[in-house]
Amino acid sequence: MIMLRISELKLPLEKIAPLESIQTQESASRQDDLAKEPIPFRSSFDAQKLIPERWMSGHEDALERRSTDPSEHAHALPVELIELITRTLGIKSSDIQTIQLFKRSFDARKKTLLVVYIVDLELKSAALEARILAGSYPPLQIQESPDMRWHPQVQIPQGSAQESPKDPSLTLSRIQETAAKHFTKSPTRPVVLGLGPCGLFVALTLAQMGLRPIVIERGKPVRQRTKDTWGLWRKSVLNPNSNVQFGEGGAGTFSDGKLYSQIKDPRFLGRRVIEQFILAGAPSEIGFAAHPHIGTFKLVKVVESMREQIIALGGEVRFEQKVVGLECEDLSEPSSTPETLKKLTALRILDLKTQQIYHHPCTHLALALGHSARDTYAWLFKQKVPMQAKAFSVGFRIEHPQSLIDASRWGQHAGHPLLGAADYKLVHHSSNQRAVYSFCMCPGGTVVAATSEPGRVVTNGMSQYSRNERNANAALVVGIEPEDFQASTEDIAHTFTEELQDPHLNLRKEDFEFTGPGVHPLSGIVLQRKLESEAFVMGGSNYKAPAQWVGDFLANRSSKAMGPVEPSYKPGVELANLTPLLPSECTQALQEALPAFGKKIKGFDTPEALLTGVETRTSAVLRITRDESLQSPGVRGLFPAGEGAGFAGGILSAGVDGIRVAEAMANAILNG
């Protein structure tokens with residue numbers, strides 16, 4: 001039997017029956033009841049679970065807990081959808097074996113808002129499936145459902161079973177057997193630097209393959225980290241190693257927990273990331289929502305659960321440990337190439353609790369450091385790890401009443417429980433050739449203090465799963481290219497004064513010399529720190545953020561009095577004039593873009609919307625290069641990964657890159 005993927009299933013929102021009455025498991029088996037009550041996403045249909053069984057294999061207890069969760073009632077399959085499928089395909093409901101909801105989205109381009117579904121359908125008759133697959137049923141699009149299971153891209157060494165069975169679990173078991181044999185010969189375990197989204201998935205995937213990773217994280221466990229983060233938000237006390245940027249879960253923990261991306265994903269690794277989140281306790285809705293999100297409070301529990309899985313599978317997590325250098329064996333021959341080729345042999349690690357340096361043997365390291373580990377960038381540059389400057393963006397956070405965004409996006413349907421808080425995505429190409437776009441939009445959320453360094457202000461956005469706060473916020477940022485922020489060695493050395501004074505890093509001014517070609521890889525940090533330091537002073541030098549009403553920003557004048565949008569940023573804002581804060585070309589682009597966005601979302605450019613600065617950590621400012629094996633071309637055994645290395649841009653893409661890097665490490669380890 002096969003599964004049929006059916007797309008373009010559209011229903012007007014107002015025609016979907018209310019969800020007050022939820023079908024019980026007993027009524028699910030009665031076909032006569034199908035036309036009376038909707039089928040809950042969480043329940044059964046003809047003795048088959050609607051939640052894909054492969055998501056819950058070995059987790060029946062989790063499935064049972066979900067079946068009594070009232071929040072699942074909001075995700076029922078409406079009876080109108082079943083009727084649409086059976087009517088269009090010319091089948092009976094009794095022909096259906098299982099239905100799995102793959103995706104649900106909303107089309108609000110016209111007055112009548114449409115709910116758009118994609119489902120995976122299995123019928124009881126193979127002949128009927130073949131007939132439907134060969135037929136045409138406009139406007140529906142029908143194809144065979146792809147195999148979205150994880151097939152590890154790991155070659156088993158010669159002497160082991162070489163065939164690639166169709167059953168992924170069988171392949172995984174053979175990888176685990178090979179890993180067990182490897183550890184009888186070599187005690188050296190792979191190391192993961194960083195426990196953000198990428199590091200989590202590197203470590204979890206390695207652990208699932210039997211490779212017992214060791215995770216090194218400079219920050220604290222997520223609950224202790226949460227207390228430290230609230231210390232900044234409530235008391236203006238910053239812990240440089242435990243904050244929004246550093247600690248278990250990475251920067252994604254204190255965000256909206258958005259799980260969508262525009263990356264190409266032919267292997268459906270993004271689906272695996274979402275499956276693992278669900279198994280760790282995330283809401284099952286993220287399995288089918290068009291723009292899935294988890295929210296900060298739920299992410300805390302999910303991250304803890306994933307850590308427990310890593311440890312249960314033989315992994316180890318070490319907190320408050322900071323890698324401050326690599327030890328390598330020189331493999332290059334003087335006559336062969338001007339480039340240095342090295343092999344990783346060990347790590348220099350600072351125990352932040354004792355302030356003692358120790359050495360840890362390591363031949364395979366996943367470098368999942370995140371985009372804010374600037375001190376790590378500095379010593380990696382000193383050790384000649386190949387890297388290059390890349391584009392990034394800077395700007396502000398903008399806040400509106402969530403009701404304004406809902407009314408503009410959903411119209412008369414605003415407030416419908418199925419829709420929730422509306423989001424948006426905006427892009428404008430300005431006349432000075434700058435791209436302005438919304439980034440990290442947080443419906444019903446708050447603007448948060450996201451600095452990781454003393455004397456600097458950085459903003460970010462955060463939402464809970466409910467997204468029920470008063471304001472909507474998003475970053476409005478302007479893209480800048482490396483040529484825009486080229487810095488001299490003198491400028492860079494001055495910017496890294498703190499790192500030069502750190503005795504554990506052993507840095508000297510001459511370590512920042514760059515002989516080209518192109519822009520110095522650390523140049524972007526010069527601009528970031530300049531903007532963040534100026535925002536700190538503009539906000540009052542107490543971690544308050546400078547803020548300005550949109551009307552004043554467009555008129556280039558300071559804001560004087562509070563307005564109707566209550567600032568959500570903690571520890572608070574100081575009204576100011578933000579127009580001179582950014583580079584002039586960025587300010588000009590933003591001033592042009594705001595009225596353009598007001599034509600797309602009514603009221604977006606209202607003078608009473610609030611801007612808060614400054615947003616600088618949109619992505620890494622550099623890329624730590626890697627070759628086809630996903631290793632550094634200069635250091636064998638070093639695997640740059642995720643957002644900090646310049647290969648991802650959010651939780652989902654970071655998780656996907658983490659899986660790919662874990663597979664590459666497994667290939668390198670198991671095949672010598």
# chains A, B, ... in the order shown; residues from 1 in each chain; ligands from 1
>>> residues_around(residues="A:Gln176", least_positions_apart="3", cutoff="9 Å", atoms="only C-alpha atoms", output="JSON, numbers by chain")
{"A": [171, 172, 173, 179, 180, 181, 208, 209, 210, 211]}
>>> select_by_dssp(residues="stretch 470-666 of chain A", states="helix (DSSP H, G or I)", output="ChimeraX atom specification")
/A:482-484,489-495,497-500,509-512,523-538,550-555,584-600,651-666
>>> residues_around(residues="A:Ile118", least_positions_apart="2", cutoff="8 Å", atoms="only C-alpha atoms", output="PyMOL selection string")
chain A and resi 5-9+101-104+116+120
>>> closest_atom_pairs(of="stretch 222-256 of chain A", to="stretch 300-322 of chain A", cutoff="10 Å", atoms="only C-alpha atoms", output="CSV")
residue,atom,partner,partner_atom,distance
A:Val222,CA,A:Val300,CA,6.4
A:Arg223,CA,A:Val300,CA,7.3
A:Thr226,CA,A:Val300,CA,8.7
A:Asn241,CA,A:Glu320,CA,8.0
A:Ser242,CA,A:Glu320,CA,8.9
A:Gly247,CA,A:Phe319,CA,8.1
A:Glu248,CA,A:Val303,CA,7.5
A:Gly249,CA,A:Val303,CA,6.0
A:Gly250,CA,A:Val303,CA,9.8
A:Thr253,CA,A:Val300,CA,6.8
A:Phe254,CA,A:Val300,CA,9.0
>>> closest_residue(among="A:Tyr543, A:Phe597, A:Phe639, A:Phe439", to="A:Val237", atoms="only C-alpha atoms")
A:Tyr543
>>> closest_residue(among="A:Leu4, A:Leu13, A:Ala555, A:Leu670", to="A:Phe106", atoms="only C-alpha atoms")
A:Leu13
>>> residues_around(residues="stretch 363-369 of chain A", least_positions_apart="2", cutoff="8 Å", atoms="only C-alpha atoms", output="number ranges by chain")
A: 188-196, 198-199, 202, 343-346, 361, 371-373, 637-645, 661-662, 665, 669
>>> write_last_selection(atoms="C-alpha atoms", output="short mmCIF file (atom, residue, chain, number, x, y, z; two decimals), in the first residue's frame")
data_model
loop_
_atom_site.label_atom_id
_atom_site.label_comp_id
_atom_site.auth_asym_id
_atom_site.auth_seq_id
_atom_site.Cartn_x
_atom_site.Cartn_y
_atom_site.Cartn_z
CA THR A 188 38.53 9.27 21.62
CA ARG A 189 34.95 10.57 21.46
CA PRO A 190 33.60 13.31 19.17
CA VAL A 191 33.12 16.71 20.78
CA VAL A 192 30.40 19.27 20.10
CA LEU A 193 31.16 22.90 20.92
CA GLY A 194 27.89 24.65 21.78
CA LEU A 195 24.44 23.43 22.79
CA GLY A 196 22.27 25.71 20.68
CA CYS A 198 22.71 23.13 15.80
CA GLY A 199 24.79 21.65 18.61
CA VAL A 202 24.77 17.30 16.14
CA LYS A 343 45.07 17.94 12.12
CA LEU A 344 43.11 18.50 15.32
CA THR A 345 44.50 16.65 18.34
CA ALA A 346 43.16 18.39 21.47
CA PRO A 361 42.06 15.03 23.59
CA HIS A 371 26.83 33.93 16.04
CA SER A 372 27.79 35.83 19.21
CA ALA A 373 30.94 34.00 20.33
CA GLY A 637 38.72 17.05 12.16
CA LEU A 638 37.17 20.52 12.59
CA PHE A 639 33.55 20.68 11.36
CA PRO A 640 32.16 24.27 11.22
CA ALA A 641 28.40 24.07 11.76
CA GLY A 642 25.22 26.06 12.07
CA GLU A 643 24.53 29.75 12.32
CA GLY A 644 27.78 30.72 14.03
CA ALA A 645 29.79 29.27 11.18
CA VAL A 661 27.44 17.67 10.19
CA ALA A 662 26.81 14.72 12.53
CA MET A 665 31.57 13.36 11.48
CA ILE A 669 35.20 8.66 12.50
#
>>> residues_around(residues="A:Val519", least_positions_apart="3", cutoff="10 Å", atoms="only C-alpha atoms", output="list of chain:residue names")
A:Gln388, A:Ala389, A:Lys390, A:Pro482, A:Glu483, A:Asp484, A:Phe485, A:Gln486, A:Ala487, A:Ser488, A:Phe514, A:Thr515, A:Gly516, A:Leu522, A:Ser523, A:Gly524
>>> write_last_selection(atoms="N, CA and C atoms", output="mmCIF file, in the first residue's frame")
data_model
loop_
_atom_site.group_PDB
_atom_site.id
_atom_site.type_symbol
_atom_site.label_atom_id
_atom_site.label_comp_id
_atom_site.auth_asym_id
_atom_site.auth_seq_id
_atom_site.Cartn_x
_atom_site.Cartn_y
_atom_site.Cartn_z
ATOM 1 N N GLN A 388 35.885 33.858 6.160
ATOM 2 C CA GLN A 388 35.718 35.017 5.282
ATOM 3 C C GLN A 388 34.533 35.850 5.746
ATOM 4 N N ALA A 389 34.606 37.150 5.484
ATOM 5 C CA ALA A 389 33.509 38.042 5.843
ATOM 6 C C ALA A 389 32.293 37.738 4.983
ATOM 7 N N LYS A 390 31.095 37.926 5.539
ATOM 8 C CA LYS A 390 29.859 37.728 4.785
ATOM 9 C C LYS A 390 28.866 38.843 5.117
ATOM 10 N N PRO A 482 30.013 43.028 2.839
ATOM 11 C CA PRO A 482 31.339 43.180 3.463
ATOM 12 C C PRO A 482 32.069 44.457 3.071
ATOM 13 N N GLU A 483 31.887 44.908 1.827
ATOM 14 C CA GLU A 483 32.562 46.137 1.394
ATOM 15 C C GLU A 483 32.093 47.359 2.183
ATOM 16 N N ASP A 484 30.916 47.262 2.793
ATOM 17 C CA ASP A 484 30.374 48.390 3.558
ATOM 18 C C ASP A 484 31.048 48.562 4.915
ATOM 19 N N PHE A 485 31.666 47.495 5.421
ATOM 20 C CA PHE A 485 32.171 47.590 6.795
ATOM 21 C C PHE A 485 33.634 47.161 6.913
ATOM 22 N N GLN A 486 34.395 47.287 5.835
ATOM 23 C CA GLN A 486 35.805 46.891 5.875
ATOM 24 C C GLN A 486 36.547 47.684 6.943
ATOM 25 N N ALA A 487 37.295 46.985 7.778
ATOM 26 C CA ALA A 487 38.026 47.612 8.886
ATOM 27 C C ALA A 487 39.507 47.277 8.787
ATOM 28 N N SER A 488 40.319 48.169 9.319
ATOM 29 C CA SER A 488 41.767 47.956 9.330
ATOM 30 C C SER A 488 42.156 47.060 10.506
ATOM 31 N N PHE A 514 45.877 40.798 8.681
ATOM 32 C CA PHE A 514 45.188 40.075 7.602
ATOM 33 C C PHE A 514 45.846 40.445 6.281
ATOM 34 N N THR A 515 46.228 39.427 5.517
ATOM 35 C CA THR A 515 46.933 39.664 4.255
ATOM 36 C C THR A 515 46.051 39.443 3.034
ATOM 37 N N GLY A 516 44.752 39.361 3.240
ATOM 38 C CA GLY A 516 43.811 39.329 2.113
ATOM 39 C C GLY A 516 43.566 37.936 1.601
ATOM 40 N N LEU A 522 36.917 39.684 10.439
ATOM 41 C CA LEU A 522 36.376 40.175 11.705
ATOM 42 C C LEU A 522 35.817 41.589 11.605
ATOM 43 N N SER A 523 35.780 42.164 10.389
ATOM 44 C CA SER A 523 35.352 43.555 10.224
ATOM 45 C C SER A 523 33.926 43.790 10.695
ATOM 46 N N GLY A 524 33.026 42.847 10.441
ATOM 47 C CA GLY A 524 31.626 43.034 10.818
ATOM 48 C C GLY A 524 31.440 43.228 12.310
#
>>> closest_residue(among="A:Ala475, A:Leu590, A:Val526, A:Ile156", to="A:His494", atoms="only C-alpha atoms")
A:Val526
>>> atom_distance(atom1="atom CA of A:Val537", atom2="atom CA of A:Pro580")
13.3 Å
